[in-house]
file query.txt (compact mmCIF, N, CA and C atoms)
# COMPACT_ATOMS: atom_id res chain seq x y z
N MET A 4 8.64 84.38 -5.82
CA MET A 4 7.24 84.19 -5.46
C MET A 4 6.46 83.61 -6.65
N GLU A 5 5.59 82.70 -6.33
CA GLU A 5 4.78 82.03 -7.33
C GLU A 5 3.68 82.96 -7.85
N THR A 6 3.50 83.00 -9.16
CA THR A 6 2.41 83.79 -9.72
C THR A 6 1.21 82.88 -9.98
N PHE A 7 0.05 83.48 -10.20
CA PHE A 7 -1.14 82.70 -10.51
C PHE A 7 -0.90 81.85 -11.76
N GLY A 8 -0.28 82.44 -12.77
CA GLY A 8 0.03 81.71 -14.00
C GLY A 8 0.91 80.50 -13.76
N ASP A 9 1.89 80.64 -12.88
CA ASP A 9 2.76 79.51 -12.53
C ASP A 9 1.96 78.39 -11.85
N VAL A 10 1.08 78.79 -10.94
CA VAL A 10 0.31 77.83 -10.16
C VAL A 10 -0.58 76.98 -11.07
N ILE A 11 -1.31 77.62 -11.98
CA ILE A 11 -2.27 76.86 -12.81
C ILE A 11 -1.59 76.06 -13.92
N LYS A 12 -0.32 76.31 -14.17
CA LYS A 12 0.40 75.54 -15.20
C LYS A 12 1.02 74.27 -14.64
N ASN A 13 0.85 74.04 -13.36
CA ASN A 13 1.41 72.87 -12.70
C ASN A 13 0.82 71.59 -13.29
N THR A 14 1.58 70.50 -13.19
CA THR A 14 1.07 69.21 -13.65
C THR A 14 0.05 68.64 -12.66
N GLN A 15 0.11 69.10 -11.41
CA GLN A 15 -0.89 68.71 -10.42
C GLN A 15 -2.13 69.60 -10.62
N PRO A 16 -3.33 69.01 -10.65
CA PRO A 16 -4.53 69.84 -10.81
C PRO A 16 -4.66 70.88 -9.70
N VAL A 17 -5.18 72.05 -10.08
CA VAL A 17 -5.38 73.16 -9.14
C VAL A 17 -6.83 73.59 -9.22
N LEU A 18 -7.53 73.52 -8.09
CA LEU A 18 -8.91 73.98 -8.02
C LEU A 18 -8.90 75.42 -7.50
N VAL A 19 -9.38 76.35 -8.32
CA VAL A 19 -9.37 77.76 -7.95
C VAL A 19 -10.79 78.19 -7.58
N ASP A 20 -10.90 78.76 -6.39
CA ASP A 20 -12.18 79.30 -5.91
C ASP A 20 -12.15 80.81 -6.11
N PHE A 21 -12.87 81.29 -7.11
CA PHE A 21 -13.01 82.73 -7.30
C PHE A 21 -14.15 83.17 -6.39
N HIS A 22 -13.84 84.04 -5.44
CA HIS A 22 -14.81 84.41 -4.41
C HIS A 22 -14.72 85.90 -4.10
N ALA A 23 -15.60 86.35 -3.20
CA ALA A 23 -15.57 87.72 -2.71
C ALA A 23 -15.91 87.71 -1.22
N THR A 24 -15.33 88.64 -0.47
CA THR A 24 -15.55 88.66 0.98
C THR A 24 -17.00 88.97 1.34
N TRP A 25 -17.72 89.68 0.48
CA TRP A 25 -19.11 90.06 0.73
C TRP A 25 -20.11 88.98 0.31
N CYS A 26 -19.64 87.88 -0.24
CA CYS A 26 -20.50 86.83 -0.82
C CYS A 26 -20.85 85.76 0.21
N GLY A 27 -22.13 85.68 0.58
CA GLY A 27 -22.60 84.68 1.55
C GLY A 27 -22.34 83.25 1.12
N PRO A 28 -22.74 82.85 -0.10
CA PRO A 28 -22.47 81.48 -0.54
C PRO A 28 -20.98 81.14 -0.56
N CYS A 29 -20.14 82.15 -0.83
CA CYS A 29 -18.68 81.91 -0.83
C CYS A 29 -18.22 81.52 0.57
N LYS A 30 -18.76 82.20 1.58
CA LYS A 30 -18.40 81.89 2.97
C LYS A 30 -18.86 80.50 3.35
N MET A 31 -20.03 80.10 2.85
CA MET A 31 -20.54 78.75 3.14
C MET A 31 -19.66 77.68 2.51
N MET A 32 -19.04 78.00 1.39
CA MET A 32 -18.21 77.01 0.69
C MET A 32 -16.83 76.83 1.30
N ALA A 33 -16.37 77.77 2.10
CA ALA A 33 -15.02 77.68 2.67
C ALA A 33 -14.74 76.33 3.35
N PRO A 34 -15.62 75.86 4.26
CA PRO A 34 -15.33 74.56 4.89
C PRO A 34 -15.43 73.39 3.91
N GLU A 35 -16.26 73.52 2.89
CA GLU A 35 -16.39 72.46 1.87
C GLU A 35 -15.08 72.34 1.09
N LEU A 36 -14.50 73.49 0.74
CA LEU A 36 -13.24 73.48 0.00
C LEU A 36 -12.09 72.97 0.87
N LYS A 37 -12.16 73.25 2.15
CA LYS A 37 -11.15 72.74 3.08
C LYS A 37 -11.19 71.21 3.09
N LYS A 38 -12.40 70.65 3.09
CA LYS A 38 -12.57 69.18 3.05
C LYS A 38 -11.98 68.62 1.76
N ILE A 39 -12.26 69.28 0.65
CA ILE A 39 -11.73 68.83 -0.65
C ILE A 39 -10.20 68.80 -0.61
N ALA A 40 -9.61 69.87 -0.08
CA ALA A 40 -8.14 69.95 0.01
C ALA A 40 -7.59 68.84 0.89
N GLN A 41 -8.23 68.61 2.04
CA GLN A 41 -7.75 67.57 2.97
C GLN A 41 -7.90 66.17 2.39
N ASN A 42 -9.00 65.94 1.69
CA ASN A 42 -9.27 64.61 1.13
C ASN A 42 -8.42 64.30 -0.10
N ASN A 43 -7.79 65.32 -0.67
CA ASN A 43 -7.01 65.13 -1.90
C ASN A 43 -5.56 65.60 -1.74
N THR A 44 -5.04 65.53 -0.53
CA THR A 44 -3.67 65.94 -0.27
C THR A 44 -2.72 65.19 -1.19
N GLY A 45 -1.86 65.95 -1.87
CA GLY A 45 -0.89 65.34 -2.78
C GLY A 45 -1.42 65.13 -4.19
N LYS A 46 -2.75 65.22 -4.38
CA LYS A 46 -3.35 65.01 -5.70
C LYS A 46 -3.92 66.31 -6.28
N LEU A 47 -4.25 67.27 -5.39
CA LEU A 47 -4.96 68.47 -5.81
C LEU A 47 -4.53 69.64 -4.92
N ARG A 48 -4.36 70.78 -5.55
CA ARG A 48 -4.09 72.01 -4.80
C ARG A 48 -5.34 72.88 -4.89
N VAL A 49 -5.76 73.45 -3.76
CA VAL A 49 -6.93 74.33 -3.74
C VAL A 49 -6.46 75.72 -3.35
N ILE A 50 -6.81 76.71 -4.17
CA ILE A 50 -6.46 78.10 -3.86
C ILE A 50 -7.69 78.98 -4.00
N LYS A 51 -7.65 80.12 -3.33
CA LYS A 51 -8.75 81.09 -3.37
C LYS A 51 -8.25 82.38 -4.01
N ILE A 52 -9.08 82.95 -4.89
CA ILE A 52 -8.77 84.22 -5.53
C ILE A 52 -9.93 85.18 -5.24
N ASP A 53 -9.63 86.27 -4.54
CA ASP A 53 -10.63 87.30 -4.24
C ASP A 53 -10.78 88.17 -5.49
N ILE A 54 -11.98 88.17 -6.08
CA ILE A 54 -12.18 88.89 -7.35
C ILE A 54 -12.04 90.40 -7.18
N ASP A 55 -12.28 90.91 -5.97
CA ASP A 55 -12.15 92.35 -5.74
C ASP A 55 -10.68 92.78 -5.64
N LYS A 56 -9.83 91.87 -5.16
CA LYS A 56 -8.39 92.17 -5.05
C LYS A 56 -7.63 91.80 -6.32
N ASN A 57 -8.25 90.98 -7.17
CA ASN A 57 -7.61 90.50 -8.40
C ASN A 57 -8.57 90.65 -9.59
N PRO A 58 -9.00 91.88 -9.88
CA PRO A 58 -9.99 92.07 -10.95
C PRO A 58 -9.49 91.65 -12.33
N ALA A 59 -8.21 91.80 -12.62
CA ALA A 59 -7.69 91.43 -13.94
C ALA A 59 -7.78 89.91 -14.14
N THR A 60 -7.47 89.16 -13.10
CA THR A 60 -7.55 87.69 -13.19
C THR A 60 -9.01 87.27 -13.35
N ALA A 61 -9.90 87.89 -12.59
CA ALA A 61 -11.33 87.58 -12.70
C ALA A 61 -11.83 87.89 -14.11
N GLN A 62 -11.39 88.99 -14.66
CA GLN A 62 -11.81 89.37 -16.01
C GLN A 62 -11.23 88.40 -17.04
N GLN A 63 -9.97 88.01 -16.86
CA GLN A 63 -9.31 87.09 -17.79
C GLN A 63 -10.10 85.79 -17.93
N PHE A 64 -10.66 85.31 -16.82
CA PHE A 64 -11.40 84.04 -16.84
C PHE A 64 -12.91 84.25 -16.88
N ARG A 65 -13.33 85.48 -17.21
CA ARG A 65 -14.74 85.83 -17.40
C ARG A 65 -15.61 85.42 -16.21
N ILE A 66 -15.16 85.76 -15.02
CA ILE A 66 -15.92 85.46 -13.81
C ILE A 66 -17.05 86.47 -13.72
N GLN A 67 -18.29 85.98 -13.83
CA GLN A 67 -19.45 86.87 -13.79
C GLN A 67 -20.24 86.71 -12.52
N GLY A 68 -20.01 85.65 -11.79
CA GLY A 68 -20.70 85.41 -10.53
C GLY A 68 -19.80 84.66 -9.59
N VAL A 69 -20.00 84.86 -8.31
CA VAL A 69 -19.21 84.14 -7.32
C VAL A 69 -20.17 83.38 -6.40
N PRO A 70 -19.74 82.23 -5.90
CA PRO A 70 -18.46 81.59 -6.18
C PRO A 70 -18.43 80.92 -7.56
N THR A 71 -17.25 80.93 -8.15
CA THR A 71 -16.99 80.17 -9.37
C THR A 71 -15.75 79.33 -9.12
N LEU A 72 -15.87 78.05 -9.39
CA LEU A 72 -14.74 77.13 -9.25
C LEU A 72 -14.24 76.75 -10.63
N ILE A 73 -12.92 76.78 -10.80
CA ILE A 73 -12.31 76.33 -12.05
C ILE A 73 -11.18 75.37 -11.70
N LEU A 74 -11.17 74.23 -12.37
CA LEU A 74 -10.11 73.24 -12.18
C LEU A 74 -9.14 73.36 -13.35
N PHE A 75 -7.88 73.63 -13.03
CA PHE A 75 -6.83 73.78 -14.04
C PHE A 75 -5.83 72.63 -13.92
N LYS A 76 -5.23 72.29 -15.04
CA LYS A 76 -4.08 71.39 -15.06
C LYS A 76 -3.25 71.79 -16.27
N GLU A 77 -1.98 72.05 -16.03
CA GLU A 77 -1.06 72.47 -17.09
C GLU A 77 -1.60 73.67 -17.87
N GLY A 78 -2.27 74.58 -17.14
CA GLY A 78 -2.78 75.81 -17.74
C GLY A 78 -4.10 75.68 -18.46
N LYS A 79 -4.63 74.47 -18.54
CA LYS A 79 -5.89 74.24 -19.25
C LYS A 79 -7.06 74.12 -18.27
N VAL A 80 -8.21 74.64 -18.66
CA VAL A 80 -9.42 74.51 -17.85
C VAL A 80 -10.00 73.12 -18.09
N LEU A 81 -10.10 72.33 -17.02
CA LEU A 81 -10.67 70.98 -17.12
C LEU A 81 -12.14 70.96 -16.74
N TRP A 82 -12.53 71.89 -15.85
CA TRP A 82 -13.90 71.89 -15.32
C TRP A 82 -14.18 73.27 -14.75
N ARG A 83 -15.43 73.70 -14.85
CA ARG A 83 -15.81 75.01 -14.35
C ARG A 83 -17.26 74.96 -13.90
N GLN A 84 -17.53 75.61 -12.76
CA GLN A 84 -18.90 75.63 -12.24
C GLN A 84 -19.10 76.89 -11.39
N SER A 85 -20.22 77.54 -11.58
CA SER A 85 -20.57 78.69 -10.74
C SER A 85 -21.67 78.28 -9.77
N GLY A 86 -21.67 78.90 -8.60
CA GLY A 86 -22.68 78.61 -7.59
C GLY A 86 -22.14 77.74 -6.48
N ALA A 87 -22.82 77.79 -5.35
CA ALA A 87 -22.40 77.02 -4.19
C ALA A 87 -22.62 75.53 -4.43
N MET A 88 -21.67 74.73 -3.94
CA MET A 88 -21.73 73.28 -4.06
C MET A 88 -21.21 72.65 -2.78
N SER A 89 -21.66 71.44 -2.48
CA SER A 89 -21.14 70.71 -1.32
C SER A 89 -19.82 70.05 -1.72
N SER A 90 -19.07 69.62 -0.71
CA SER A 90 -17.79 68.95 -1.00
C SER A 90 -18.02 67.67 -1.78
N SER A 91 -19.13 66.97 -1.50
CA SER A 91 -19.38 65.73 -2.24
C SER A 91 -19.72 66.02 -3.71
N GLN A 92 -20.45 67.11 -3.99
CA GLN A 92 -20.75 67.48 -5.37
C GLN A 92 -19.46 67.86 -6.12
N ILE A 93 -18.60 68.62 -5.45
CA ILE A 93 -17.33 69.02 -6.07
C ILE A 93 -16.47 67.79 -6.34
N SER A 94 -16.36 66.92 -5.34
CA SER A 94 -15.55 65.70 -5.49
C SER A 94 -16.02 64.86 -6.67
N GLU A 95 -17.32 64.71 -6.78
CA GLU A 95 -17.90 63.91 -7.88
C GLU A 95 -17.56 64.55 -9.22
N ALA A 96 -17.64 65.88 -9.30
CA ALA A 96 -17.41 66.58 -10.56
C ALA A 96 -15.94 66.52 -11.00
N ILE A 97 -15.02 66.54 -10.05
CA ILE A 97 -13.60 66.63 -10.42
C ILE A 97 -12.85 65.30 -10.37
N LYS A 98 -13.47 64.25 -9.83
CA LYS A 98 -12.72 63.00 -9.59
C LYS A 98 -12.10 62.42 -10.86
N SER A 99 -12.76 62.57 -11.99
CA SER A 99 -12.21 61.99 -13.24
C SER A 99 -10.96 62.74 -13.71
N HIS A 100 -10.71 63.93 -13.15
CA HIS A 100 -9.56 64.74 -13.55
C HIS A 100 -8.35 64.57 -12.63
N LEU A 101 -8.54 63.82 -11.54
CA LEU A 101 -7.45 63.68 -10.56
C LEU A 101 -6.64 62.42 -10.83
call {"tool": "encode", "arguments": {"input": "query.txt", "output": "structure tokens"}}
result
Amino acid sequence: METFGDVIKNTQPVLVDFHATWCGPCKMMAPELKKIAQNNTGKLRVIKIDIDKNPATAQQFRIQGVPTLILFKEGKVLWRQSGAMSSSQISEAIKSHL
């Protein structure tokens, strides 16, 4: 089974959505992230991490608010943003890293 550490060390960029089930803006972002994943098939992997089910991972990356998006490649943070964003805002922010 793949671990979170394995996933973010990939050579393909990985966009991680740190979210919580009780978070309204997180729920609003779900379809936006789906669009990002569909529009970048083969170039980007999108995964979701529930901060309540994975508190150690949330703490490791100093997640203080949700939603927080972090773009990783080969284990390095390329981009990070907290707060709700549209798919076009996310695409614009990460395109130089793909």
call {"tool": "residues_around", "arguments": {"input": "query.txt", "residues": "range 27-32 of chain A", "least_positions_apart": "4", "cutoff": "6 Å", "atoms": "all atoms listed in the file", "output": "PyMOL selection string"}}
result
chain A and resi 22-23+36-37+69-70+87
call {"tool": "select_by_dssp", "arguments": {"input": "query.txt", "residues": "range 10-96 of chain A", "states": "strand (DSSP E or B)", "output": "PyMOL selection string"}}
result
chain A and resi 17-22+48-53+71-76+79-85
call {"tool": "write_last_selection", "arguments": {"input": "query.txt", "atoms": "N, CA and C atoms", "output": "compact mmCIF listing (two decimals), in the coordinates of the input"}}
result
# COMPACT_ATOMS: atom_id res chain seq x y z
N VAL A 17 -5.18 72.05 -10.08
CA VAL A 17 -5.38 73.16 -9.14
C VAL A 17 -6.83 73.59 -9.22
N LEU A 18 -7.53 73.52 -8.09
CA LEU A 18 -8.91 73.98 -8.02
C LEU A 18 -8.90 75.42 -7.50
N VAL A 19 -9.38 76.35 -8.32
CA VAL A 19 -9.37 77.76 -7.95
C VAL A 19 -10.79 78.19 -7.58
N ASP A 20 -10.90 78.76 -6.39
CA ASP A 20 -12.18 79.30 -5.91
C ASP A 20 -12.15 80.81 -6.11
N PHE A 21 -12.87 81.29 -7.11
CA PHE A 21 -13.01 82.73 -7.30
C PHE A 21 -14.15 83.17 -6.39
N HIS A 22 -13.84 84.04 -5.44
CA HIS A 22 -14.81 84.41 -4.41
C HIS A 22 -14.72 85.90 -4.10
N ARG A 48 -4.36 70.78 -5.55
CA ARG A 48 -4.09 72.01 -4.80
C ARG A 48 -5.34 72.88 -4.89
N VAL A 49 -5.76 73.45 -3.76
CA VAL A 49 -6.93 74.33 -3.74
C VAL A 49 -6.46 75.72 -3.35
N ILE A 50 -6.81 76.71 -4.17
CA ILE A 50 -6.46 78.10 -3.86
C ILE A 50 -7.69 78.98 -4.00
N LYS A 51 -7.65 80.12 -3.33
CA LYS A 51 -8.75 81.09 -3.37
C LYS A 51 -8.25 82.38 -4.01
N ILE A 52 -9.08 82.95 -4.89
CA ILE A 52 -8.77 84.22 -5.53
C ILE A 52 -9.93 85.18 -5.24
N ASP A 53 -9.63 86.27 -4.54
CA ASP A 53 -10.63 87.30 -4.24
C ASP A 53 -10.78 88.17 -5.49
N THR A 71 -17.25 80.93 -8.15
CA THR A 71 -16.99 80.17 -9.37
C THR A 71 -15.75 79.33 -9.12
N LEU A 72 -15.87 78.05 -9.39
CA LEU A 72 -14.74 77.13 -9.25
C LEU A 72 -14.24 76.75 -10.63
N ILE A 73 -12.92 76.78 -10.80
CA ILE A 73 -12.31 76.33 -12.05
C ILE A 73 -11.18 75.37 -11.70
N LEU A 74 -11.17 74.23 -12.37
CA LEU A 74 -10.11 73.24 -12.18
C LEU A 74 -9.14 73.36 -13.35
N PHE A 75 -7.88 73.63 -13.03
CA PHE A 75 -6.83 73.78 -14.04
C PHE A 75 -5.83 72.63 -13.92
N LYS A 76 -5.23 72.29 -15.04
CA LYS A 76 -4.08 71.39 -15.06
C LYS A 76 -3.25 71.79 -16.27
N LYS A 79 -4.63 74.47 -18.54
CA LYS A 79 -5.89 74.24 -19.25
C LYS A 79 -7.06 74.12 -18.27
N VAL A 80 -8.21 74.64 -18.66
CA VAL A 80 -9.42 74.51 -17.85
C VAL A 80 -10.00 73.12 -18.09
N LEU A 81 -10.10 72.33 -17.02
CA LEU A 81 -10.67 70.98 -17.12
C LEU A 81 -12.14 70.96 -16.74
N TRP A 82 -12.53 71.89 -15.85
CA TRP A 82 -13.90 71.89 -15.32
C TRP A 82 -14.18 73.27 -14.75
N ARG A 83 -15.43 73.70 -14.85
CA ARG A 83 -15.81 75.01 -14.35
C ARG A 83 -17.26 74.96 -13.90
N GLN A 84 -17.53 75.61 -12.76
CA GLN A 84 -18.90 75.63 -12.24
C GLN A 84 -19.10 76.89 -11.39
N SER A 85 -20.22 77.54 -11.58
CA SER A 85 -20.57 78.69 -10.74
C SER A 85 -21.67 78.28 -9.77
call {"tool": "closest_atom_pairs", "arguments": {"input": "query.txt", "of": "range 43-88 of chain A", "to": "range 8-19 of chain A", "cutoff": "6.5 Å", "atoms": "only N, CA and C atoms", "output": "tab-separated table"}}
result
residue	atom	partner	partner_atom	distance
A:Lys46	C	A:Pro16	N	5.2
A:Leu47	CA	A:Pro16	C	4.6
A:Arg48	C	A:Leu18	N	3.9
A:Val49	CA	A:Leu18	C	4.4
A:Ile50	N	A:Leu18	C	4.1
A:Lys51	N	A:Val19	CA	5.5
A:Ile52	N	A:Val19	C	5.7
A:Thr71	C	A:Val19	C	5.3
A:Leu72	CA	A:Val19	C	4.4
A:Ile73	C	A:Val19	N	4.0
A:Leu74	CA	A:Leu18	CA	4.4
A:Phe75	C	A:Val17	N	3.9
A:Lys76	CA	A:Pro16	CA	4.5
A:Glu77	CA	A:Lys12	C	3.7
A:Gly78	N	A:Lys12	CA	3.4
A:Lys79	N	A:Ile11	C	5.8
call {"tool": "residues_around", "arguments": {"input": "query.txt", "residues": "range 89-97 of chain A", "least_positions_apart": "2", "cutoff": "6 Å", "atoms": "all atoms listed in the file", "output": "PyMOL selection string"}}
result
chain A and resi 35-36+39+87+99-101
call {"tool": "atom_distance", "arguments": {"input": "query.txt", "atom1": "CA of Ile54 in chain A", "atom2": "CA of Arg83 in chain A"}}
result
16.0 Å
call {"tool": "select_by_dssp", "arguments": {"input": "query.txt", "residues": "chain A", "states": "alpha helix (DSSP H)", "output": "PyMOL selection string"}}
result
chain A and resi 7-11+27-42+58-63+90-97
call {"tool": "atom_distance", "arguments": {"input": "query.txt", "atom1": "CA of Asn42 in chain A", "atom2": "CA of Asn57 in chain A"}}
result
27.6 Å
call {"tool": "atom_distance", "arguments": {"input": "query.txt", "atom1": "atom N of Ala61 in chain A", "atom2": "CA of Phe21 in chain A"}}
result
8.0 Å
call {"tool": "closest_residue", "arguments": {"input": "query.txt", "among": "A:Lys56, A:Glu5, A:Leu81, A:Lys38", "to": "Thr24 in chain A", "atoms": "all atoms listed in the file"}}
result
A:Lys56
call {"tool": "decode", "arguments": {"input": "query.txt", "residues": "range 11-40 of chain A", "atoms": "N, CA and C atoms", "output": "mmCIF file, in the first residue's frame"}}
result
data_model
loop_
_atom_site.group_PDB
_atom_site.id
_atom_site.type_symbol
_atom_site.label_atom_id
_atom_site.label_comp_id
_atom_site.auth_asym_id
_atom_site.auth_seq_id
_atom_site.Cartn_x
_atom_site.Cartn_y
_atom_site.Cartn_z
ATOM 1 N N ILE A 11 3.858 11.794 -2.213
ATOM 2 C CA ILE A 11 4.382 13.148 -2.448
ATOM 3 C C ILE A 11 5.817 13.149 -2.969
ATOM 4 N N LYS A 12 6.499 12.015 -2.914
ATOM 5 C CA LYS A 12 7.872 11.943 -3.440
ATOM 6 C C LYS A 12 7.901 11.604 -4.924
ATOM 7 N N ASN A 13 6.743 11.419 -5.516
ATOM 8 C CA ASN A 13 6.645 11.069 -6.927
ATOM 9 C C ASN A 13 7.226 12.181 -7.798
ATOM 10 N N THR A 14 7.674 11.813 -8.992
ATOM 11 C CA THR A 14 8.171 12.820 -9.931
ATOM 12 C C THR A 14 7.015 13.585 -10.568
ATOM 13 N N GLN A 15 5.826 12.986 -10.558
ATOM 14 C CA GLN A 15 4.635 13.685 -11.039
ATOM 15 C C GLN A 15 4.118 14.575 -9.901
ATOM 16 N N PRO A 16 3.799 15.846 -10.185
ATOM 17 C CA PRO A 16 3.275 16.712 -9.126
ATOM 18 C C PRO A 16 2.002 16.139 -8.494
ATOM 19 N N VAL A 17 1.866 16.371 -7.187
ATOM 20 C CA VAL A 17 0.710 15.896 -6.426
ATOM 21 C C VAL A 17 0.106 17.091 -5.700
ATOM 22 N N LEU A 18 -1.168 17.367 -5.988
ATOM 23 C CA LEU A 18 -1.884 18.437 -5.306
ATOM 24 C C LEU A 18 -2.659 17.810 -4.154
ATOM 25 N N VAL A 19 -2.335 18.219 -2.930
ATOM 26 C CA VAL A 19 -2.968 17.653 -1.743
ATOM 27 C C VAL A 19 -3.959 18.666 -1.178
ATOM 28 N N ASP A 20 -5.194 18.208 -1.012
ATOM 29 C CA ASP A 20 -6.250 19.023 -0.411
ATOM 30 C C ASP A 20 -6.400 18.595 1.039
ATOM 31 N N PHE A 21 -5.904 19.407 1.961
ATOM 32 C CA PHE A 21 -6.112 19.152 3.383
ATOM 33 C C PHE A 21 -7.478 19.737 3.723
ATOM 34 N N HIS A 22 -8.394 18.879 4.157
ATOM 35 C CA HIS A 22 -9.780 19.302 4.360
ATOM 36 C C HIS A 22 -10.351 18.659 5.621
ATOM 37 N N ALA A 23 -11.602 19.015 5.919
ATOM 38 C CA ALA A 23 -12.336 18.402 7.027
ATOM 39 C C ALA A 23 -13.787 18.233 6.600
ATOM 40 N N THR A 24 -14.433 17.183 7.096
ATOM 41 C CA THR A 24 -15.815 16.902 6.696
ATOM 42 C C THR A 24 -16.786 17.992 7.159
ATOM 43 N N TRP A 25 -16.465 18.690 8.242
ATOM 44 C CA TRP A 25 -17.328 19.731 8.791
ATOM 45 C C TRP A 25 -17.118 21.099 8.141
ATOM 46 N N CYS A 26 -16.185 21.198 7.207
ATOM 47 C CA CYS A 26 -15.780 22.481 6.599
ATOM 48 C C CYS A 26 -16.601 22.793 5.347
ATOM 49 N N GLY A 27 -17.420 23.846 5.413
ATOM 50 C CA GLY A 27 -18.246 24.259 4.272
ATOM 51 C C GLY A 27 -17.441 24.607 3.035
ATOM 52 N N PRO A 28 -16.424 25.487 3.147
ATOM 53 C CA PRO A 28 -15.621 25.818 1.966
ATOM 54 C C PRO A 28 -14.930 24.594 1.356
ATOM 55 N N CYS A 29 -14.583 23.614 2.201
ATOM 56 C CA CYS A 29 -13.950 22.386 1.686
ATOM 57 C C CYS A 29 -14.922 21.644 0.775
ATOM 58 N N LYS A 30 -16.190 21.591 1.190
ATOM 59 C CA LYS A 30 -17.209 20.910 0.379
ATOM 60 C C LYS A 30 -17.414 21.635 -0.939
ATOM 61 N N MET A 31 -17.356 22.967 -0.907
ATOM 62 C CA MET A 31 -17.513 23.744 -2.139
ATOM 63 C C MET A 31 -16.359 23.502 -3.100
ATOM 64 N N MET A 32 -15.188 23.202 -2.573
ATOM 65 C CA MET A 32 -14.014 22.998 -3.428
ATOM 66 C C MET A 32 -13.960 21.622 -4.075
ATOM 67 N N ALA A 33 -14.705 20.664 -3.566
ATOM 68 C CA ALA A 33 -14.647 19.297 -4.107
ATOM 69 C C ALA A 33 -14.847 19.253 -5.626
ATOM 70 N N PRO A 34 -15.900 19.887 -6.180
ATOM 71 C CA PRO A 34 -16.053 19.835 -7.645
ATOM 72 C C PRO A 34 -14.960 20.601 -8.386
ATOM 73 N N GLU A 35 -14.416 21.633 -7.762
ATOM 74 C CA GLU A 35 -13.321 22.399 -8.387
ATOM 75 C C GLU A 35 -12.071 21.523 -8.514
ATOM 76 N N LEU A 36 -11.790 20.758 -7.460
ATOM 77 C CA LEU A 36 -10.624 19.874 -7.480
ATOM 78 C C LEU A 36 -10.826 18.727 -8.466
ATOM 79 N N LYS A 37 -12.061 18.291 -8.608
ATOM 80 C CA LYS A 37 -12.364 17.242 -9.590
ATOM 81 C C LYS A 37 -12.050 17.752 -11.003
ATOM 82 N N LYS A 38 -12.407 19.014 -11.273
ATOM 83 C CA LYS A 38 -12.108 19.629 -12.576
ATOM 84 C C LYS A 38 -10.599 19.694 -12.801
ATOM 85 N N ILE A 39 -9.871 20.097 -11.773
ATOM 86 C CA ILE A 39 -8.404 20.179 -11.873
ATOM 87 C C ILE A 39 -7.829 18.809 -12.230
ATOM 88 N N ALA A 40 -8.301 17.776 -11.539
ATOM 89 C CA ALA A 40 -7.813 16.411 -11.787
ATOM 90 C C ALA A 40 -8.128 15.978 -13.218
#
